[in-house]
$ cat coords_8.cif   # mmCIF, C-alpha atoms and all ligand atoms
data_coords
#
loop_
_atom_site.label_atom_id
_atom_site.label_comp_id
_atom_site.auth_asym_id
_atom_site.auth_seq_id
_atom_site.Cartn_x
_atom_site.Cartn_y
_atom_site.Cartn_z
CA MET A 1 174.79 302.95 -55.22
CA LEU A 2 177.32 301.71 -52.71
CA THR A 3 175.51 298.38 -52.34
CA ASP A 4 174.99 297.65 -56.04
CA ARG A 5 177.20 294.58 -56.10
CA ILE A 6 175.46 292.88 -53.17
CA PRO A 7 172.56 290.55 -54.05
CA ARG A 8 169.23 291.85 -52.82
CA VAL A 9 165.57 290.88 -53.02
CA SER A 10 162.81 293.47 -53.15
CA ILE A 11 160.70 293.53 -50.00
CA ALA A 12 160.30 297.07 -48.70
CA HIS A 13 158.16 299.86 -50.16
CA LEU A 14 160.86 302.33 -51.16
CA PRO A 15 161.57 305.18 -51.01
CA THR A 16 159.76 305.70 -47.73
CA PRO A 17 158.11 309.12 -47.32
CA LEU A 18 159.87 312.14 -45.84
CA GLU A 19 157.42 314.36 -43.94
CA PRO A 20 157.52 317.51 -41.80
CA LEU A 21 155.98 317.65 -38.32
CA PRO A 22 154.88 321.30 -38.29
CA ARG A 23 152.39 321.17 -35.42
CA LEU A 24 154.88 319.49 -33.13
CA ALA A 25 157.66 321.90 -34.12
CA THR A 26 155.41 324.89 -33.32
CA LEU A 27 154.42 323.38 -29.99
CA LEU A 28 158.03 322.79 -28.97
CA ASN A 29 159.19 326.13 -30.33
CA GLY A 30 162.50 324.61 -31.44
CA PRO A 31 164.05 323.44 -34.72
CA GLN A 32 162.15 322.22 -37.77
CA ILE A 33 161.36 318.53 -37.30
CA TRP A 34 160.98 316.04 -40.12
CA VAL A 35 160.41 312.30 -40.07
CA LYS A 36 161.69 309.54 -42.38
CA ARG A 37 158.85 307.04 -42.46
CA ASP A 38 160.55 303.65 -42.21
CA ASP A 39 157.53 302.62 -40.17
CA GLN A 40 155.96 302.46 -43.66
CA THR A 41 158.36 299.96 -45.27
CA GLY A 42 155.61 297.34 -45.40
CA LEU A 43 156.22 293.72 -44.35
CA ALA A 44 153.53 292.98 -41.79
CA THR A 45 153.20 296.56 -40.47
CA GLY A 46 156.65 297.93 -41.37
CA GLY A 47 159.89 298.82 -39.65
CA ASN A 48 163.63 299.00 -40.16
CA LYS A 49 164.23 295.23 -40.39
CA ALA A 50 162.57 295.13 -43.82
CA ARG A 51 165.56 296.92 -45.36
CA LYS A 52 168.07 294.60 -43.68
CA LEU A 53 166.09 291.52 -44.71
CA GLU A 54 166.33 292.45 -48.40
CA PHE A 55 170.03 291.53 -48.25
CA LEU A 56 169.80 288.71 -45.69
CA VAL A 57 166.99 286.86 -47.48
CA ALA A 58 168.85 287.18 -50.79
CA GLN A 59 171.78 285.31 -49.24
CA ALA A 60 169.49 282.70 -47.63
CA LEU A 61 167.86 282.01 -51.03
CA ALA A 62 171.24 281.88 -52.79
CA GLN A 63 172.35 279.25 -50.28
CA GLY A 64 169.22 277.17 -50.93
CA ALA A 65 167.82 277.68 -47.44
CA ASP A 66 164.35 276.35 -46.63
CA THR A 67 164.03 277.82 -43.13
CA LEU A 68 164.92 281.15 -41.50
CA ILE A 69 165.86 281.08 -37.83
CA THR A 70 166.14 284.25 -35.80
CA CYS A 71 165.79 285.48 -32.23
CA GLY A 72 164.71 288.38 -30.06
CA ALA A 73 162.47 289.54 -27.24
CA ALA A 74 158.86 288.33 -26.95
CA GLN A 75 157.72 291.56 -28.68
CA SER A 76 160.59 291.60 -31.20
CA ASN A 77 159.81 293.59 -34.35
CA HIS A 78 162.74 291.91 -36.03
CA ALA A 79 161.29 288.44 -35.34
CA ARG A 80 157.90 289.51 -36.74
CA GLN A 81 159.40 290.98 -39.91
CA THR A 82 161.60 287.90 -40.40
CA ALA A 83 158.51 285.66 -40.06
CA ALA A 84 156.76 287.78 -42.71
CA ALA A 85 159.77 287.69 -45.06
CA ALA A 86 159.98 283.89 -44.68
CA ALA A 87 156.30 283.53 -45.56
CA ARG A 88 156.70 285.81 -48.56
CA PHE A 89 159.51 283.69 -50.01
CA GLY A 90 157.97 280.31 -49.16
CA LEU A 91 160.39 279.51 -46.35
CA SER A 92 159.66 278.10 -42.89
CA CYS A 93 160.54 280.22 -39.88
CA VAL A 94 161.66 279.42 -36.33
CA LEU A 95 161.75 282.26 -33.81
CA VAL A 96 163.79 281.83 -30.63
CA LEU A 97 162.28 284.26 -28.13
CA ARG A 98 163.66 285.24 -24.74
CA GLY A 99 161.78 284.27 -21.62
CA ALA A 100 158.64 282.18 -21.14
CA PRO A 101 155.32 282.24 -23.02
CA PRO A 102 153.24 285.24 -21.86
CA GLN A 103 149.65 284.92 -20.64
CA GLN A 104 148.29 286.75 -23.67
CA ILE A 105 149.33 286.50 -27.29
CA GLN A 106 149.22 290.01 -28.68
CA GLY A 107 151.17 292.64 -30.62
CA ASN A 108 154.16 291.28 -32.52
CA LEU A 109 153.76 287.84 -30.98
CA LEU A 110 150.23 287.59 -32.32
CA LEU A 111 151.55 288.44 -35.79
CA ASP A 112 154.36 285.84 -35.44
CA HIS A 113 151.68 283.20 -34.93
CA VAL A 114 149.46 284.50 -37.72
CA LEU A 115 152.47 284.51 -40.07
CA GLY A 116 153.00 280.82 -39.34
CA ALA A 117 156.31 280.98 -37.47
CA GLU A 118 157.26 278.23 -35.05
CA ILE A 119 158.10 279.75 -31.68
CA VAL A 120 160.69 278.38 -29.25
CA TRP A 121 160.86 279.95 -25.78
CA ALA A 122 164.49 280.18 -24.68
CA GLY A 123 164.02 281.09 -21.01
CA ASP A 124 167.24 282.85 -20.09
CA ALA A 125 169.52 280.64 -22.23
CA PRO A 126 171.80 282.52 -24.66
CA LEU A 127 169.73 283.04 -27.82
CA ALA A 128 172.63 282.47 -30.25
CA ASP A 129 173.34 279.05 -28.71
CA ARG A 130 169.69 278.02 -28.97
CA MET A 131 169.61 279.10 -32.64
CA GLU A 132 172.71 276.97 -33.36
CA GLU A 133 171.18 273.93 -31.64
CA ILE A 134 167.96 274.31 -33.61
CA ALA A 135 169.89 274.75 -36.88
CA GLU A 136 171.88 271.60 -36.08
CA SER A 137 168.78 269.51 -35.41
CA LEU A 138 167.11 270.80 -38.60
CA ARG A 139 170.22 269.89 -40.62
CA ALA A 140 170.14 266.40 -39.09
CA GLN A 141 166.60 266.09 -40.56
CA GLY A 142 167.87 267.08 -43.99
CA ARG A 143 166.55 270.65 -43.78
CA ARG A 144 168.50 273.79 -44.80
CA PRO A 145 168.32 276.42 -42.07
CA TYR A 146 169.70 279.95 -42.38
CA ILE A 147 170.38 281.94 -39.22
CA VAL A 148 169.47 285.63 -39.38
CA PRO A 149 171.51 287.34 -36.63
CA TYR A 150 169.99 289.24 -33.69
CA GLY A 151 168.44 292.47 -34.98
CA GLY A 152 169.45 291.53 -38.54
CA SER A 153 172.73 293.21 -37.69
CA ASN A 154 175.72 291.82 -39.51
CA ALA A 155 177.56 293.34 -42.46
CA LEU A 156 174.93 292.11 -44.90
CA GLY A 157 171.99 293.47 -42.92
CA VAL A 158 173.75 296.80 -42.42
CA CYS A 159 173.80 297.21 -46.23
CA GLY A 160 170.07 297.95 -45.94
CA TYR A 161 170.86 301.16 -44.08
CA VAL A 162 173.78 302.10 -46.30
CA ALA A 163 171.26 302.09 -49.15
CA ALA A 164 168.69 303.87 -46.95
CA MET A 165 171.05 306.80 -46.32
CA GLU A 166 171.71 307.11 -50.03
CA GLU A 167 167.95 307.11 -50.53
CA LEU A 168 167.56 309.95 -48.01
CA LEU A 169 170.37 312.00 -49.57
CA ALA A 170 168.79 311.70 -53.03
CA GLN A 171 165.36 312.55 -51.63
CA SER A 172 166.55 315.55 -49.62
CA ALA A 173 168.62 316.86 -52.56
CA ARG A 174 165.54 316.66 -54.79
CA GLU A 175 163.47 318.58 -52.27
CA GLY A 176 166.23 321.07 -51.51
CA LEU A 177 166.40 320.06 -47.84
CA MET A 178 169.50 319.74 -45.70
CA PHE A 179 169.23 318.02 -42.34
CA ASP A 180 171.64 319.22 -39.67
CA HIS A 181 170.87 316.28 -37.41
CA ILE A 182 169.51 312.77 -37.84
CA VAL A 183 168.16 311.17 -34.65
CA LEU A 184 167.22 307.50 -34.34
CA ALA A 185 166.72 304.66 -31.86
CA SER A 186 169.84 302.50 -31.66
CA SER A 187 170.06 299.01 -30.19
CA SER A 188 171.95 296.32 -32.09
CA GLY A 189 173.66 299.19 -33.93
CA GLY A 190 173.08 298.07 -37.51
CA THR A 191 170.87 300.97 -38.50
CA GLN A 192 173.26 303.61 -37.19
CA ALA A 193 176.27 301.81 -38.68
CA GLY A 194 174.69 301.74 -42.15
CA LEU A 195 173.59 305.38 -42.08
CA SER A 196 177.06 306.42 -40.89
CA ILE A 197 178.92 304.53 -43.61
CA ALA A 198 176.94 306.15 -46.41
CA ALA A 199 177.17 309.52 -44.65
CA ARG A 200 180.96 309.24 -44.66
CA ALA A 201 181.20 307.86 -48.20
CA ARG A 202 178.87 310.54 -49.61
CA GLY A 203 180.17 313.50 -47.60
CA TYR A 204 177.05 314.14 -45.48
CA ARG A 205 178.01 316.91 -43.04
CA GLY A 206 175.27 316.62 -40.41
CA CYS A 207 175.36 314.72 -37.14
CA ILE A 208 173.83 311.25 -36.73
CA LEU A 209 172.74 310.71 -33.12
CA GLY A 210 171.73 307.28 -31.88
CA ILE A 211 169.57 307.26 -28.78
CA SER A 212 170.41 304.03 -27.02
CA VAL A 213 167.44 301.96 -25.93
CA ASP A 214 169.44 299.46 -23.86
CA LEU A 215 173.27 299.57 -23.95
CA GLN A 216 175.55 302.10 -22.30
CA ALA A 217 177.28 304.43 -24.75
CA ASP A 218 180.71 302.75 -24.77
CA PRO A 219 179.63 299.20 -25.64
CA LEU A 220 177.10 300.51 -28.16
CA ARG A 221 179.72 302.70 -29.90
CA ARG A 222 182.10 299.72 -30.05
CA ARG A 223 179.37 297.55 -31.54
CA ILE A 224 178.52 300.17 -34.18
CA ALA A 225 182.20 300.67 -35.03
CA ASP A 226 182.74 296.91 -35.47
CA LEU A 227 179.67 296.59 -37.70
CA ALA A 228 180.68 299.65 -39.73
CA ALA A 229 184.19 298.27 -40.28
CA GLU A 230 182.90 294.85 -41.38
CA THR A 231 180.35 296.42 -43.71
CA ALA A 232 182.82 298.86 -45.26
CA ASP A 233 185.02 295.85 -45.91
CA LEU A 234 182.18 293.90 -47.55
CA LEU A 235 181.45 296.92 -49.78
CA GLY A 236 185.11 297.39 -50.73
CA LEU A 237 185.19 300.89 -49.21
CA ARG A 238 188.44 302.13 -47.78
CA LEU A 239 186.94 303.68 -44.67
CA SER A 240 188.03 303.08 -41.11
CA PHE A 241 185.94 303.66 -38.02
CA THR A 242 186.63 304.02 -34.31
CA PRO A 243 184.00 304.09 -31.54
CA GLU A 244 184.56 307.85 -31.16
CA ASP A 245 183.21 308.39 -34.69
CA PHE A 246 179.68 307.68 -33.48
CA ALA A 247 177.39 309.95 -31.47
CA VAL A 248 175.38 307.97 -28.93
CA GLU A 249 173.18 309.29 -26.12
CA ASP A 250 172.61 306.81 -23.29
CA GLY A 251 170.79 309.15 -20.92
CA TYR A 252 167.28 307.87 -21.72
CA ILE A 253 167.57 304.15 -20.93
CA GLY A 254 165.52 304.61 -17.74
CA GLY A 255 164.47 301.26 -16.29
CA GLY A 256 166.09 299.31 -19.19
CA TYR A 257 164.95 297.54 -22.35
CA GLY A 258 161.19 297.64 -22.79
CA VAL A 259 160.48 299.32 -19.45
CA VAL A 260 158.06 302.13 -20.25
CA GLY A 261 158.25 305.31 -18.18
CA ASP A 262 156.90 308.84 -18.46
CA LEU A 263 159.43 309.68 -21.21
CA GLU A 264 158.03 307.07 -23.61
CA ARG A 265 154.41 307.50 -22.55
CA GLU A 266 154.46 311.26 -23.08
CA ALA A 267 156.28 311.03 -26.42
CA ILE A 268 153.79 308.45 -27.73
CA ARG A 269 150.82 310.57 -26.64
CA LEU A 270 152.28 313.85 -27.91
CA LEU A 271 153.11 312.56 -31.40
CA ALA A 272 149.78 310.78 -31.68
CA GLN A 273 147.80 313.82 -30.57
CA THR A 274 149.67 316.56 -32.44
CA GLU A 275 150.51 314.76 -35.69
CA GLY A 276 148.47 311.54 -35.77
CA LEU A 277 151.78 309.66 -35.90
CA LEU A 278 152.28 306.45 -33.94
CA LEU A 279 155.46 305.53 -32.05
CA ASP A 280 156.28 302.22 -30.36
CA PRO A 281 156.84 301.73 -26.62
CA VAL A 282 160.34 300.19 -26.79
CA TYR A 283 162.39 301.99 -29.47
CA THR A 284 160.87 305.03 -31.16
CA GLY A 285 158.92 306.13 -28.06
CA ARG A 286 162.17 306.26 -26.11
CA ALA A 287 164.18 307.87 -28.92
CA PHE A 288 161.54 310.50 -29.65
CA GLY A 289 161.17 311.13 -25.92
CA GLY A 290 164.91 311.79 -25.87
CA LEU A 291 164.65 314.10 -28.88
CA ILE A 292 161.85 316.11 -27.24
CA ASP A 293 163.95 316.43 -24.10
CA LEU A 294 166.98 317.59 -26.10
CA ILE A 295 164.82 320.18 -27.90
CA ARG A 296 163.43 321.45 -24.58
CA ARG A 297 166.99 321.77 -23.25
CA GLY A 298 167.92 323.91 -26.25
CA ALA A 299 170.27 321.41 -27.89
CA PHE A 300 169.22 322.65 -31.37
CA SER A 301 168.85 326.16 -32.71
CA PRO A 302 165.55 327.25 -34.33
CA GLN A 303 167.34 327.60 -37.70
CA GLU A 304 168.34 323.94 -37.66
CA ARG A 305 166.46 321.09 -39.30
CA VAL A 306 166.27 317.78 -37.44
CA LEU A 307 165.25 314.47 -39.02
CA PHE A 308 163.81 311.74 -36.81
CA TRP A 309 164.35 308.38 -38.53
CA HIS A 310 161.21 306.42 -37.60
CA THR A 311 162.31 302.80 -37.40
CA GLY A 312 158.83 301.32 -36.91
CA GLY A 313 157.64 298.97 -34.19
CA VAL A 314 154.05 300.09 -33.91
CA ALA A 315 152.80 296.49 -33.62
CA GLY A 316 154.42 296.46 -30.18
CA LEU A 317 152.08 299.24 -29.06
CA PHE A 318 149.14 296.84 -29.38
CA ALA A 319 150.62 294.68 -26.62
CA ARG A 320 150.92 297.58 -24.15
CA SER A 321 147.50 298.92 -23.22
CA ASP A 322 148.83 298.63 -19.64
CA ILE A 323 151.02 301.73 -20.03
CA PHE A 324 148.14 304.18 -20.44
CA GLU A 325 145.26 305.26 -18.28
CA PHE A 326 142.12 305.69 -20.28
CA HIS A 327 139.37 308.12 -19.42
CA THR A 328 135.93 307.82 -20.88
CA LEU A 329 133.54 310.73 -20.88
CA GLU A 330 130.84 309.91 -18.40
CA ASN A 331 127.34 309.92 -19.73
CA SER A 332 126.10 312.28 -17.06
CA ASP A 333 123.08 313.44 -19.13
CA ARG A 334 121.37 310.17 -18.68
CA GLU A 335 121.92 310.11 -14.94
CA GLY A 336 120.11 312.68 -12.77
C1 LIG A 401 165.34 296.88 -34.17
C2 LIG A 401 164.73 298.21 -33.98
C3 LIG A 401 165.54 299.35 -33.77
C4 LIG A 401 167.02 299.29 -33.57
O1 LIG A 401 167.73 299.09 -34.75
P1 LIG A 401 169.21 298.51 -34.66
O2 LIG A 401 169.66 298.41 -36.05
O3 LIG A 401 169.08 297.18 -33.96
O4 LIG A 401 170.03 299.45 -33.82
C5 LIG A 401 164.91 300.58 -33.68
N1 LIG A 401 163.57 300.69 -33.77
C6 LIG A 401 162.77 299.63 -33.96
C7 LIG A 401 161.31 299.84 -34.03
C8 LIG A 401 163.34 298.35 -34.07
O5 LIG A 401 162.52 297.29 -34.24
#
$ encode --input "coords_8.cif" --output "structure tokens" --more "lines below"
Ligand SMILES: *Cc1c(COP(=O)(O)O)cnc(C)c1O
Amino acid sequence: MLTDRIPRVSIAHLPTPLEPLPRLATLLNGPQIWVKRDDQTGLATGGNKARKLEFLVAQALAQGADTLITCGAAQSNHARQTAAAAARFGLSCVLVLRGAPPQQIQGNLLLDHVLGAEIVWAGDAPLADRMEEIAESLRAQGRRPYIVPYGGSNALGVCGYVAAMEELLAQSAREGLMFDHIVLASSSGGTQAGLSIAARARGYRGCILGISVDLQADPLRRRIADLAAETADLLGLRLSFTPEDFAVEDGYIGGGYGVVGDLEREAIRLLAQTEGLLLDPVYTGRAFGGLIDLIRRGAFSPQERVLFWHTGGVAGLFARSDIFEFHTLENSDREG
């Protein structure tokens, strides 16, 4: 394994399942569609941050940390998984969340509280600065804080997805499957960077397409390239990356981060109702919505096999009952 020399703790349930979506594929009349179930990694409802945290928590423990600090949006999946990882290893956790406290505590934020994290609302102050200030004040009290970067995306966190791609390649070789395309939600870029490094190192020939959930293509490609270069360096791999090496689609950002439109709503409903599979409103709903649109536009041939890498986030769905209209069957028998 490419990451064998990097210290790691065991957190995630691995390997995650690889499953076909036959009813959806028939309905769309396009390529074969499979899903890599990283929504089933475990760690307080699962998601892609569990794999990154295996490497980040190992470093925190090696440094003698007693507290994890991280940051994100109010419904951050990364914050929730970091809070769970902290609890599991007996560490305290401080979450620096953007904005002001919401009226209702639900979804990921509910889990943050249940998991015992201390929450600091940052308003619109830069999150990295607030984390530094908090770390400084904890150190002044004799505590040992460890800052987990935004999205768990630094070279160490990216190792989680280098290992994940090797896991997929072993799994697909065993099952005699070759995926022509891998499609995923991309935001801080760590997941796509990790998959791409192992793809290059192991000679994977398919295309890895990141559907951006917030950034325009150019800045996202630059971010992924920087992370890939740093991670290759950490792993002692002689690989170089430029932004052009990464396929990114920024045509599905709609109203911006976390703004749910018809694309996400329809993707969430369709997957739930054809396959019993849940997507989240911010990341996988948008990315799968993009994939459905690409299939409808004929971007893939029927002979091709497409893998959707499910990165989790379903806890966020439980904070968004506002995005659906619900119809109940009227009990008309009793009337009349
Ligand atoms: C964080 C997250 C992503 C994005 O992963 P990056 O490595 O930040 O690009 C995708 N999906 C879900 C559910 C996430 O929580």
$ closest_atom_pairs --input "coords_8.cif" --of "chain A" --to "ligand LIG 401 (chain A)" --cutoff "6 Å" --atoms "only C-alpha atoms and all ligand atoms" --output "CSV"
residue,atom,partner,partner_atom,distance
A:Gly47,CA,A:LIG401,C7,5.9
A:Asn77,CA,A:LIG401,O5,4.6
A:His78,CA,A:LIG401,O5,5.7
A:Gly151,CA,A:LIG401,O3,4.9
A:Ala185,CA,A:LIG401,C5,4.8
A:Ser186,CA,A:LIG401,O4,3.7
A:Ser187,CA,A:LIG401,O4,3.7
A:Ser188,CA,A:LIG401,O3,3.5
A:Gly189,CA,A:LIG401,O4,3.6
A:Gly190,CA,A:LIG401,O2,3.7
A:Thr191,CA,A:LIG401,O2,3.7
A:Tyr283,CA,A:LIG401,N1,4.6
A:Thr284,CA,A:LIG401,N1,5.7
A:Thr311,CA,A:LIG401,N1,4.4
A:Gly312,CA,A:LIG401,C7,4.1
A:Gly313,CA,A:LIG401,C7,3.8
$ closest_residue --input "coords_8.cif" --among "A:Ile33, A:Ala12, A:Ala217, A:Ala117" --to "A:Phe300" --atoms "only C-alpha atoms"
A:Ile33
$ atom_distance --input "coords_8.cif" --atom1 "atom CA of A:Pro17" --atom2 "atom CA of A:Arg174"
13.0 Å
$ closest_residue --input "coords_8.cif" --among "A:Ala319, A:Leu21, A:Val120, A:Ala228" --to "A:Lys36" --atoms "all atoms listed in the file"
A:Leu21
$ atom_distance --input "coords_8.cif" --atom1 "atom CA of A:Ser92" --atom2 "atom CA of A:Ala65"
9.4 Å
$ closest_residue --input "coords_8.cif" --among "A:Val259, A:Leu61, A:Arg286, A:Leu156" --to "A:Asp233" --atoms "only C-alpha atoms"
A:Leu156
$ axis_aligned_box --input "coords_8.cif" --around "stretch 274-282 of chain A" --padding-each-side "6 Å" --output "lines of an AutoDock Vina configuration file"
center_x = 154.4
center_y = 308.4
center_z = -31.3
size_x = 23.9
size_y = 28.4
size_z = 21.3
$ atom_distance --input "coords_8.cif" --atom1 "atom CA of A:Ile105" --atom2 "atom CA of A:Leu43"
19.8 Å
$ residues_around --input "coords_8.cif" --residues "A:Arg80" --least-positions-apart "3" --cutoff "12 Å" --atoms "all atoms listed in the file" --output "number ranges by chain"
A: 42-50, 53, 68-77, 83-87, 93-97, 106-119, 151-152, 312-316
$ closest_residue --input "coords_8.cif" --among "A:Thr328, A:Thr231, A:Thr16, A:Thr3" --to "A:Ala163" --atoms "only C-alpha atoms"
A:Thr3
$ closest_residue --input "coords_8.cif" --among "A:Met178, A:Asp226, A:Asp39, A:Ala128" --to "A:Cys207" --atoms "all atoms listed in the file"
A:Met178
$ closest_residue --input "coords_8.cif" --among "A:Ala267, A:Ala247, A:Ala232, A:Leu227" --to "A:Asp293" --atoms "all atoms listed in the file"
A:Ala267
$ residues_around --input "coords_8.cif" --residues "A:Gly258" --least-positions-apart "6" --cutoff "9 Å" --atoms "only C-alpha atoms" --output "PyMOL selection string"
chain A and resi 213-214+281-283
$ residues_around --input "coords_8.cif" --residues "A:Gly64" --least-positions-apart "2" --cutoff "12 Å" --atoms "all atoms listed in the file" --output "PyMOL selection string"
chain A and resi 57-62+66-68+89-91+143-146
